[in-house]
$ cat target.csv   # CSV, C-alpha atoms
chain,number,residue,atom,x,y,z
A,262,MET,CA,6.5,-11.5,-5.1
A,263,MET,CA,8.1,-8.2,-5.9
A,264,ALA,CA,11.6,-7.6,-7.4
A,265,THR,CA,13.5,-4.3,-6.9
A,266,LEU,CA,16.2,-3.0,-9.2
A,267,ALA,CA,17.7,0.2,-10.4
A,268,VAL,CA,17.5,0.3,-14.2
A,269,LYS,CA,18.6,3.2,-16.4
A,270,SER,CA,16.5,4.1,-19.5
A,271,LYS,CA,18.1,3.3,-22.8
A,272,LYS,CA,16.9,3.7,-26.4
A,273,PRO,CA,15.6,0.4,-27.7
A,274,PRO,CA,17.9,-1.2,-30.3
A,275,GLY,CA,16.8,-1.2,-33.9
A,276,GLY,CA,16.7,-4.0,-36.4
A,277,ARG,CA,14.8,-6.5,-34.4
A,278,ASN,CA,12.5,-9.0,-36.0
A,279,GLY,CA,10.0,-11.5,-34.7
A,280,LEU,CA,12.4,-14.5,-35.0
A,281,ASP,CA,15.5,-13.3,-33.2
A,282,PHE,CA,13.7,-11.1,-30.7
A,283,SER,CA,13.4,-12.1,-27.0
A,284,GLU,CA,12.2,-10.1,-24.1
A,285,MET,CA,13.9,-12.4,-21.6
A,286,GLU,CA,16.9,-10.1,-21.3
A,287,VAL,CA,14.6,-7.1,-20.4
A,288,TRP,CA,13.0,-8.9,-17.5
A,289,LYS,CA,15.8,-11.2,-16.4
A,290,PRO,CA,17.3,-8.7,-13.9
A,291,PHE,CA,13.9,-8.6,-12.0
A,292,GLY,CA,13.9,-12.4,-11.3
A,293,ARG,CA,10.4,-13.4,-10.2
A,294,GLY,CA,9.2,-9.9,-10.8
A,295,TRP,CA,8.4,-11.1,-14.3
A,296,ARG,CA,6.6,-14.4,-15.0
A,297,LYS,CA,5.0,-15.9,-18.1
A,298,LEU,CA,1.7,-17.3,-17.0
A,299,HIS,CA,0.8,-19.1,-20.3
A,300,GLY,CA,1.2,-19.1,-24.0
A,301,GLY,CA,4.0,-18.3,-26.3
A,302,PHE,CA,4.2,-15.5,-28.8
A,303,LEU,CA,5.8,-17.5,-31.6
A,304,HIS,CA,4.2,-20.9,-31.3
A,305,ALA,CA,0.8,-20.0,-29.7
A,306,GLY,CA,0.3,-16.5,-31.1
A,307,TYR,CA,-0.4,-15.1,-27.6
A,308,SER,CA,1.5,-14.7,-24.3
A,309,VAL,CA,0.0,-13.8,-20.9
A,310,GLU,CA,2.6,-12.4,-18.5
A,311,TRP,CA,2.6,-11.1,-14.9
A,312,HIS,CA,4.8,-8.3,-13.7
A,313,ASP,CA,5.5,-7.1,-10.1
A,314,PHE,CA,8.6,-5.1,-9.5
A,315,THR,CA,10.0,-1.7,-8.3
A,316,THR,CA,12.5,0.2,-10.3
A,317,ALA,CA,14.5,3.0,-8.7
A,318,GLU,CA,15.0,4.8,-12.0
A,319,PRO,CA,12.7,5.2,-15.1
A,320,LEU,CA,12.5,1.9,-17.0
A,321,ASP,CA,12.4,1.7,-20.8
A,322,TRP,CA,10.1,-1.2,-21.2
A,323,SER,CA,9.6,-0.8,-25.0
A,324,LYS,CA,12.4,-3.3,-25.4
A,325,SER,CA,9.9,-6.0,-24.2
A,326,PHE,CA,7.5,-5.3,-27.1
A,327,HIS,CA,7.7,-7.9,-29.9
A,328,PRO,CA,7.8,-6.5,-33.5
A,329,GLY,CA,4.6,-7.4,-35.3
A,330,SER,CA,2.5,-7.5,-32.2
A,331,LEU,CA,-0.4,-5.9,-30.4
A,332,GLU,CA,-0.2,-5.8,-26.6
A,333,ILE,CA,-3.0,-5.2,-24.1
A,334,CYS,CA,-1.7,-3.9,-20.7
A,335,LEU,CA,-4.0,-4.4,-17.6
A,336,ASN,CA,-2.3,-2.0,-15.2
A,337,LEU,CA,-2.9,-2.5,-11.5
A,338,SER,CA,-0.3,-0.1,-10.0
A,339,GLY,CA,2.4,2.2,-11.1
A,340,HIS,CA,2.5,4.8,-13.8
A,341,ALA,CA,3.7,4.3,-17.4
A,342,ASP,CA,3.4,5.7,-20.9
A,343,VAL,CA,3.7,4.3,-24.4
A,344,GLY,CA,4.2,6.6,-27.4
A,345,ALA,CA,3.7,6.2,-31.1
A,346,ALA,CA,4.4,9.1,-33.4
A,347,ASP,CA,2.7,12.1,-31.8
A,348,GLU,CA,0.3,10.1,-29.6
A,349,THR,CA,0.9,8.9,-26.0
A,350,LEU,CA,-1.0,6.3,-23.9
A,351,GLU,CA,-0.7,7.2,-20.2
A,352,LEU,CA,-1.5,4.4,-17.8
A,353,GLY,CA,-2.1,4.9,-14.1
A,354,PRO,CA,-3.4,2.5,-11.4
A,355,LEU,CA,-6.4,0.4,-12.5
A,356,MET,CA,-6.1,1.5,-16.1
A,357,ALA,CA,-5.8,-0.5,-19.3
A,358,GLY,CA,-4.8,0.2,-22.8
A,359,PHE,CA,-3.3,-1.4,-25.9
A,360,TYR,CA,-0.5,-0.6,-28.3
A,361,ALA,CA,0.9,-2.2,-31.5
A,362,GLN,CA,4.0,-2.0,-33.7
A,363,ASN,CA,5.2,-3.5,-36.9
A,364,ASP,CA,8.8,-2.8,-36.2
A,365,SER,CA,10.4,-1.3,-33.1
A,366,SER,CA,8.8,2.1,-33.4
A,367,LEU,CA,7.1,2.4,-30.0
A,368,THR,CA,8.7,4.2,-27.0
A,369,ALA,CA,7.7,3.4,-23.5
A,370,CYS,CA,8.7,4.3,-19.9
A,371,ARG,CA,7.7,3.1,-16.5
A,372,ARG,CA,8.1,5.7,-13.7
A,373,GLY,CA,11.0,5.2,-11.2
A,374,GLY,CA,10.4,4.9,-7.5
A,375,GLU,CA,7.1,3.1,-7.9
A,376,ARG,CA,5.8,-0.5,-7.5
A,377,HIS,CA,4.6,-1.7,-10.9
A,378,GLN,CA,2.0,-4.5,-11.0
A,379,PHE,CA,0.4,-5.4,-14.3
A,380,ILE,CA,-0.6,-8.2,-16.7
A,381,THR,CA,0.1,-8.0,-20.4
A,382,VAL,CA,-1.6,-10.1,-23.1
A,383,GLU,CA,0.6,-10.0,-26.2
A,384,LEU,CA,-0.9,-11.0,-29.5
A,385,SER,CA,0.9,-11.8,-32.8
A,386,LEU,CA,-0.3,-10.5,-36.1
A,387,PRO,CA,-1.1,-14.0,-37.4
A,388,PHE,CA,-3.2,-14.7,-34.2
A,389,LEU,CA,-5.1,-11.4,-34.7
A,390,GLU,CA,-5.7,-12.0,-38.4
A,391,ARG,CA,-7.2,-15.4,-37.5
A,392,HIS,CA,-9.7,-13.9,-35.2
A,393,LEU,CA,-10.2,-10.4,-36.4
A,394,ALA,CA,-10.8,-8.7,-39.7
A,395,ALA,CA,-9.8,-5.1,-40.7
A,396,GLY,CA,-13.0,-3.1,-41.2
A,397,GLU,CA,-15.1,-5.4,-39.1
A,398,GLY,CA,-18.0,-3.6,-37.5
A,399,GLY,CA,-17.3,-2.6,-33.9
A,400,LEU,CA,-13.6,-3.2,-34.1
A,401,HIS,CA,-11.6,-0.3,-32.7
A,402,PRO,CA,-10.6,1.9,-35.7
A,403,ARG,CA,-7.0,2.0,-34.7
A,404,VAL,CA,-6.9,-1.8,-34.5
A,405,SER,CA,-8.6,-2.0,-37.9
A,406,ARG,CA,-6.0,0.3,-39.4
A,407,PHE,CA,-3.2,-1.7,-37.9
A,408,LEU,CA,-4.5,-4.9,-39.5
A,409,ASP,CA,-5.0,-3.3,-42.9
A,410,CYS,CA,-2.2,-4.9,-44.9
A,411,SER,CA,-2.5,-2.2,-47.7
A,412,ASP,CA,-1.7,0.7,-45.4
A,413,ARG,CA,-0.4,-0.7,-42.1
A,414,GLU,CA,0.7,1.8,-39.5
A,415,PRO,CA,4.2,1.3,-38.1
A,416,GLY,CA,2.8,1.8,-34.6
A,417,MET,CA,-0.2,2.9,-32.7
A,418,VAL,CA,-1.6,3.4,-29.1
A,419,SER,CA,-5.1,3.5,-27.7
A,420,GLU,CA,-6.7,5.8,-25.3
A,421,PRO,CA,-6.6,4.8,-21.6
A,422,ILE,CA,-9.5,2.7,-20.3
A,423,ARG,CA,-10.6,2.5,-16.7
A,424,LEU,CA,-10.7,-1.1,-15.4
A,425,SER,CA,-14.2,-2.1,-14.2
A,426,HIS,CA,-14.7,-4.3,-11.2
A,427,GLU,CA,-15.4,-7.2,-13.5
A,428,GLN,CA,-12.2,-6.6,-15.4
A,429,GLN,CA,-10.2,-6.3,-12.2
A,430,HIS,CA,-11.6,-9.7,-11.2
A,431,LEU,CA,-10.5,-11.0,-14.6
A,432,VAL,CA,-7.0,-9.8,-14.0
A,433,SER,CA,-6.9,-11.6,-10.6
A,434,SER,CA,-8.1,-14.8,-12.2
A,435,PHE,CA,-5.1,-14.9,-14.5
A,436,ARG,CA,-2.8,-15.7,-11.7
A,437,SER,CA,-5.0,-18.5,-10.2
A,438,PRO,CA,-6.8,-20.3,-13.0
A,439,PRO,CA,-9.9,-22.1,-11.7
A,440,VAL,CA,-9.3,-25.2,-13.8
A,441,PHE,CA,-7.0,-28.3,-13.7
A,442,GLN,CA,-3.5,-28.1,-15.2
A,443,ALA,CA,-4.5,-30.0,-18.3
A,444,ALA,CA,-7.3,-27.6,-19.1
A,445,GLN,CA,-5.2,-24.4,-18.6
A,446,ARG,CA,-4.2,-24.2,-22.3
A,447,LEU,CA,-7.9,-23.8,-23.3
A,448,TRP,CA,-8.7,-21.6,-20.4
A,449,TYR,CA,-5.9,-19.1,-21.1
A,450,GLN,CA,-6.7,-18.9,-24.8
A,451,ALA,CA,-10.3,-18.3,-24.0
A,452,LYS,CA,-9.4,-15.6,-21.5
A,453,ALA,CA,-7.0,-14.0,-24.0
A,454,LEU,CA,-9.9,-13.8,-26.5
A,455,GLU,CA,-12.1,-12.4,-23.8
A,456,VAL,CA,-9.6,-9.6,-23.2
A,457,VAL,CA,-9.6,-9.0,-27.0
A,458,ALA,CA,-13.4,-8.8,-27.0
A,459,ALA,CA,-13.4,-6.4,-24.0
A,460,PHE,CA,-10.8,-3.9,-25.1
A,461,LEU,CA,-10.4,-4.1,-28.9
A,462,TYR,CA,-14.1,-3.4,-29.7
A,463,GLN,CA,-16.3,-0.4,-29.4
A,464,PRO,CA,-20.2,-0.2,-29.3
A,465,LEU,CA,-22.0,0.2,-32.5
A,466,ALA,CA,-24.3,3.2,-32.9
A,467,GLY,CA,-27.0,3.0,-30.3
A,468,GLU,CA,-25.6,-0.2,-28.8
A,469,GLU,CA,-25.4,-0.6,-25.0
A,470,LEU,CA,-24.3,-3.6,-23.1
A,471,PHE,CA,-26.7,-5.2,-20.5
A,472,CYS,CA,-24.3,-4.4,-17.7
A,473,GLN,CA,-24.2,-0.7,-18.8
A,474,ARG,CA,-28.0,-0.6,-18.9
A,475,GLN,CA,-28.0,-2.0,-15.4
A,476,GLN,CA,-25.5,0.5,-14.1
A,477,HIS,CA,-27.5,3.4,-15.6
A,478,LEU,CA,-30.7,2.0,-14.0
A,479,SER,CA,-28.9,1.6,-10.7
A,480,ARG,CA,-27.7,5.2,-10.8
A,481,GLU,CA,-31.3,6.4,-11.6
A,482,ARG,CA,-32.7,4.4,-8.7
A,483,VAL,CA,-30.1,5.8,-6.2
A,484,GLN,CA,-30.8,9.4,-7.4
A,485,LYS,CA,-34.5,8.8,-6.9
A,486,VAL,CA,-34.0,7.5,-3.4
A,487,LEU,CA,-31.8,10.5,-2.5
A,488,ALA,CA,-34.5,12.9,-3.7
A,489,ILE,CA,-37.2,11.0,-1.7
A,490,LEU,CA,-35.2,11.1,1.5
A,491,LYS,CA,-34.5,14.9,1.1
A,492,GLU,CA,-38.2,15.5,0.6
A,493,ASN,CA,-39.3,13.3,3.5
A,494,LEU,CA,-36.9,13.9,6.4
A,495,ALA,CA,-39.5,13.9,9.1
A,496,GLU,CA,-41.5,10.9,7.9
A,497,PRO,CA,-39.3,8.9,5.5
A,498,PRO,CA,-40.7,5.9,3.7
A,499,SER,CA,-39.7,2.4,4.9
A,500,LEU,CA,-37.0,0.5,3.1
A,501,GLU,CA,-39.7,-1.8,1.6
A,502,GLU,CA,-41.6,1.3,0.4
A,503,LEU,CA,-38.5,2.8,-1.2
A,504,GLY,CA,-37.9,-0.4,-3.1
A,505,ARG,CA,-41.4,-0.4,-4.3
A,506,ARG,CA,-41.2,3.2,-5.5
A,507,VAL,CA,-38.0,2.7,-7.5
A,508,GLY,CA,-39.0,-0.7,-8.8
A,509,CYS,CA,-36.7,-3.3,-7.1
A,510,SER,CA,-36.5,-5.4,-4.0
A,511,HIS,CA,-35.3,-3.6,-0.8
A,512,PHE,CA,-32.5,-6.1,-0.5
A,513,TYR,CA,-31.1,-5.2,-3.9
A,514,LEU,CA,-31.7,-1.5,-3.3
A,515,SER,CA,-29.7,-1.5,-0.1
A,516,ARG,CA,-26.8,-3.2,-1.9
A,517,ILE,CA,-26.6,-0.9,-4.9
A,518,PHE,CA,-27.2,2.2,-2.8
A,519,THR,CA,-24.2,1.5,-0.6
A,520,GLN,CA,-22.1,0.7,-3.6
A,521,LYS,CA,-22.9,3.9,-5.4
A,522,VAL,CA,-23.1,6.3,-2.4
A,523,GLY,CA,-20.5,4.7,-0.1
A,524,LYS,CA,-22.8,4.6,2.9
A,525,THR,CA,-26.1,3.0,3.8
A,526,ILE,CA,-29.6,4.5,3.3
A,527,SER,CA,-30.1,5.0,7.1
A,528,VAL,CA,-26.7,6.8,7.5
A,529,THR,CA,-27.5,9.0,4.4
A,530,LEU,CA,-30.9,9.9,5.9
A,531,ARG,CA,-29.2,10.8,9.2
A,532,ASP,CA,-26.7,13.0,7.4
A,533,PHE,CA,-29.5,14.8,5.5
A,534,ARG,CA,-31.4,15.3,8.7
A,535,MET,CA,-28.4,16.8,10.5
A,536,GLU,CA,-27.6,19.0,7.5
A,537,ARG,CA,-31.1,20.4,7.6
A,538,ALA,CA,-31.0,20.7,11.4
A,539,ALA,CA,-27.8,22.7,11.2
A,540,SER,CA,-29.4,25.0,8.6
A,541,LEU,CA,-32.5,25.6,10.8
A,542,LEU,CA,-30.3,26.3,13.9
A,543,ARG,CA,-28.3,28.8,11.9
A,544,GLU,CA,-31.5,30.6,10.9
A,545,GLY,CA,-32.4,31.0,14.6
A,546,ARG,CA,-36.2,30.8,14.2
A,547,MET,CA,-36.5,27.5,16.1
A,548,ASN,CA,-35.2,26.1,19.3
A,549,VAL,CA,-33.4,22.7,19.5
A,550,THR,CA,-36.6,20.8,20.4
A,551,GLU,CA,-38.5,22.3,17.5
A,552,VAL,CA,-35.6,21.5,15.1
A,553,ALA,CA,-35.4,17.9,16.3
A,554,LEU,CA,-39.2,17.4,15.6
A,555,GLU,CA,-38.9,19.2,12.3
A,556,VAL,CA,-36.3,16.7,11.0
A,557,GLY,CA,-38.0,13.6,12.4
A,558,TYR,CA,-36.6,13.0,15.9
A,559,SER,CA,-39.1,12.6,18.8
A,560,SER,CA,-36.3,11.9,21.2
A,561,LEU,CA,-34.1,15.0,22.0
A,562,SER,CA,-31.3,12.8,23.4
A,563,HIS,CA,-31.2,10.8,20.2
A,564,PHE,CA,-31.2,14.0,18.1
A,565,SER,CA,-28.4,15.5,20.2
A,566,SER,CA,-26.3,12.3,19.9
A,567,ALA,CA,-26.7,12.2,16.1
A,568,PHE,CA,-26.0,15.9,15.8
A,569,ARG,CA,-22.7,15.6,17.8
A,570,GLU,CA,-21.6,12.6,15.7
A,571,VAL,CA,-22.2,14.4,12.4
A,572,ILE,CA,-21.6,18.0,13.1
A,573,GLY,CA,-19.1,17.7,16.0
A,574,CYS,CA,-20.8,19.8,18.7
A,575,CYS,CA,-24.0,20.0,20.8
A,576,PRO,CA,-27.0,21.4,18.9
A,577,GLY,CA,-27.5,24.0,21.7
A,578,LEU,CA,-24.0,25.4,21.2
A,579,TYR,CA,-24.1,25.3,17.4
A,580,PRO,CA,-25.9,28.6,16.8
A,581,LEU,CA,-23.3,30.3,19.1
A,582,MET,CA,-20.4,29.2,16.9
A,583,PRO,CA,-19.1,31.9,14.5
A,584,GLY,CA,-20.9,31.3,11.2
A,585,GLY,CA,-22.1,27.8,12.4
A,586,LYS,CA,-20.2,24.6,11.4
A,587,LYS,CA,-21.2,23.1,8.1
A,588,LEU,CA,-21.0,19.5,7.0
$ encode --input "target.csv" --output "structure tokens"
Amino acid sequence: MMATLAVKSKKPPGGRNGLDFSEMEVWKPFGRGWRKLHGGFLHAGYSVEWHDFTTAEPLDWSKSFHPGSLEICLNLSGHADVGAADETLELGPLMAGFYAQNDSSLTACRRGGERHQFITVELSLPFLERHLAAGEGGLHPRVSRFLDCSDREPGMVSEPIRLSHEQQHLVSSFRSPPVFQAAQRLWYQAKALEVVAAFLYQPLAGEELFCQRQQHLSRERVQKVLAILKENLAEPPSLEELGRRVGCSHFYLSRIFTQKVGKTISVTLRDFRMERAASLLREGRMNVTEVALEVGYSSLSHFSSAFREVIGCCPGLYPLMPGGKKL
């Protein structure tokens, strides 16, 4: 459900503390546009909240940030920024970031005229101190400095982080927990800690996650297939042979290729063939039949049909067009 409201930006009031602070007044005008999913900042140490609203004017949402807190924003739609001193975190669709303050030092604005959908996971300092340690290996240095009691920063923001497909799925699960009501307390706390682990830590030197290695390997396999197709337009290897050459099953290869390229291997091969055919026709040294055979088509009608679909005209007319028509 989405709430719509015109809200004018105001400077957040000073002098707030964790005991008398409440964000209810900030979100109350939006009705069901704001909803606490689970937790409680004071009694549980964390709060998971869902937001879905449109504001006609820029909205100062810094008034919803608890003093003595770190908040992770998982932003699905809408644009926003959070500022601390001379640094600004800029959030766009499918972006995430975190920010923290000891007092009310952060500034924040959500752009007017947009629909804003996002989940926040707000964490109290005691909750963070129970689970994290300043100077811990791999902990984001800004988080580590914020937790350092001897030299605690008044406020800080992170760099923007692109939400992966897995993280987008995590965001969706927050609104529909796959467990019984009695188990949701444990489920939400575990998910809050999962978000902490995903966004408040950085890889150690030389460290790479398994999923990152798989992504790199998938990209390498796709690039190798593209090169093989370009080199073998007339007699391309079978799908099974392509899989053997790049070291995976042809079923898996088909799936990752479509994910990475946005089209299937067969469509990509057709497009490469038509690109080469158009180049040969522009050179003018071959007729249409010769070009069709050169790029692997024994049927002239099939070649002409594919050429019209990709290039937009008959192959016989293409050389007559001024400059040819490129893909």
$ atom_distance --input "target.csv" --atom1 "CA of Ala453 (chain A)" --atom2 "CA of Ile333 (chain A)"
9.7 Å
$ atom_distance --input "target.csv" --atom1 "CA of Glu502 (chain A)" --atom2 "CA of Gln484 (chain A)"
15.6 Å
$ closest_residue --input "target.csv" --among "A:Ser565, A:Ala459, A:Arg543, A:Lys521" --to "Gly399 (chain A)" --atoms "all atoms listed in the file"
A:Ala459
$ closest_residue --input "target.csv" --among "A:Phe388, A:Phe379, A:Trp311, A:Phe568" --to "Lys297 (chain A)" --atoms "only C-alpha atoms"
A:Trp311
$ atom_distance --input "target.csv" --atom1 "CA of Cys509 (chain A)" --atom2 "CA of Leu490 (chain A)"
16.8 Å
$ residues_near_point --input "target.csv" --point "(0.8, -9.4, -23.9)" --cutoff "7 Å" --atoms "only C-alpha atoms" --output "ChimeraX atom specification"
/A:307-310,332-334,381-384
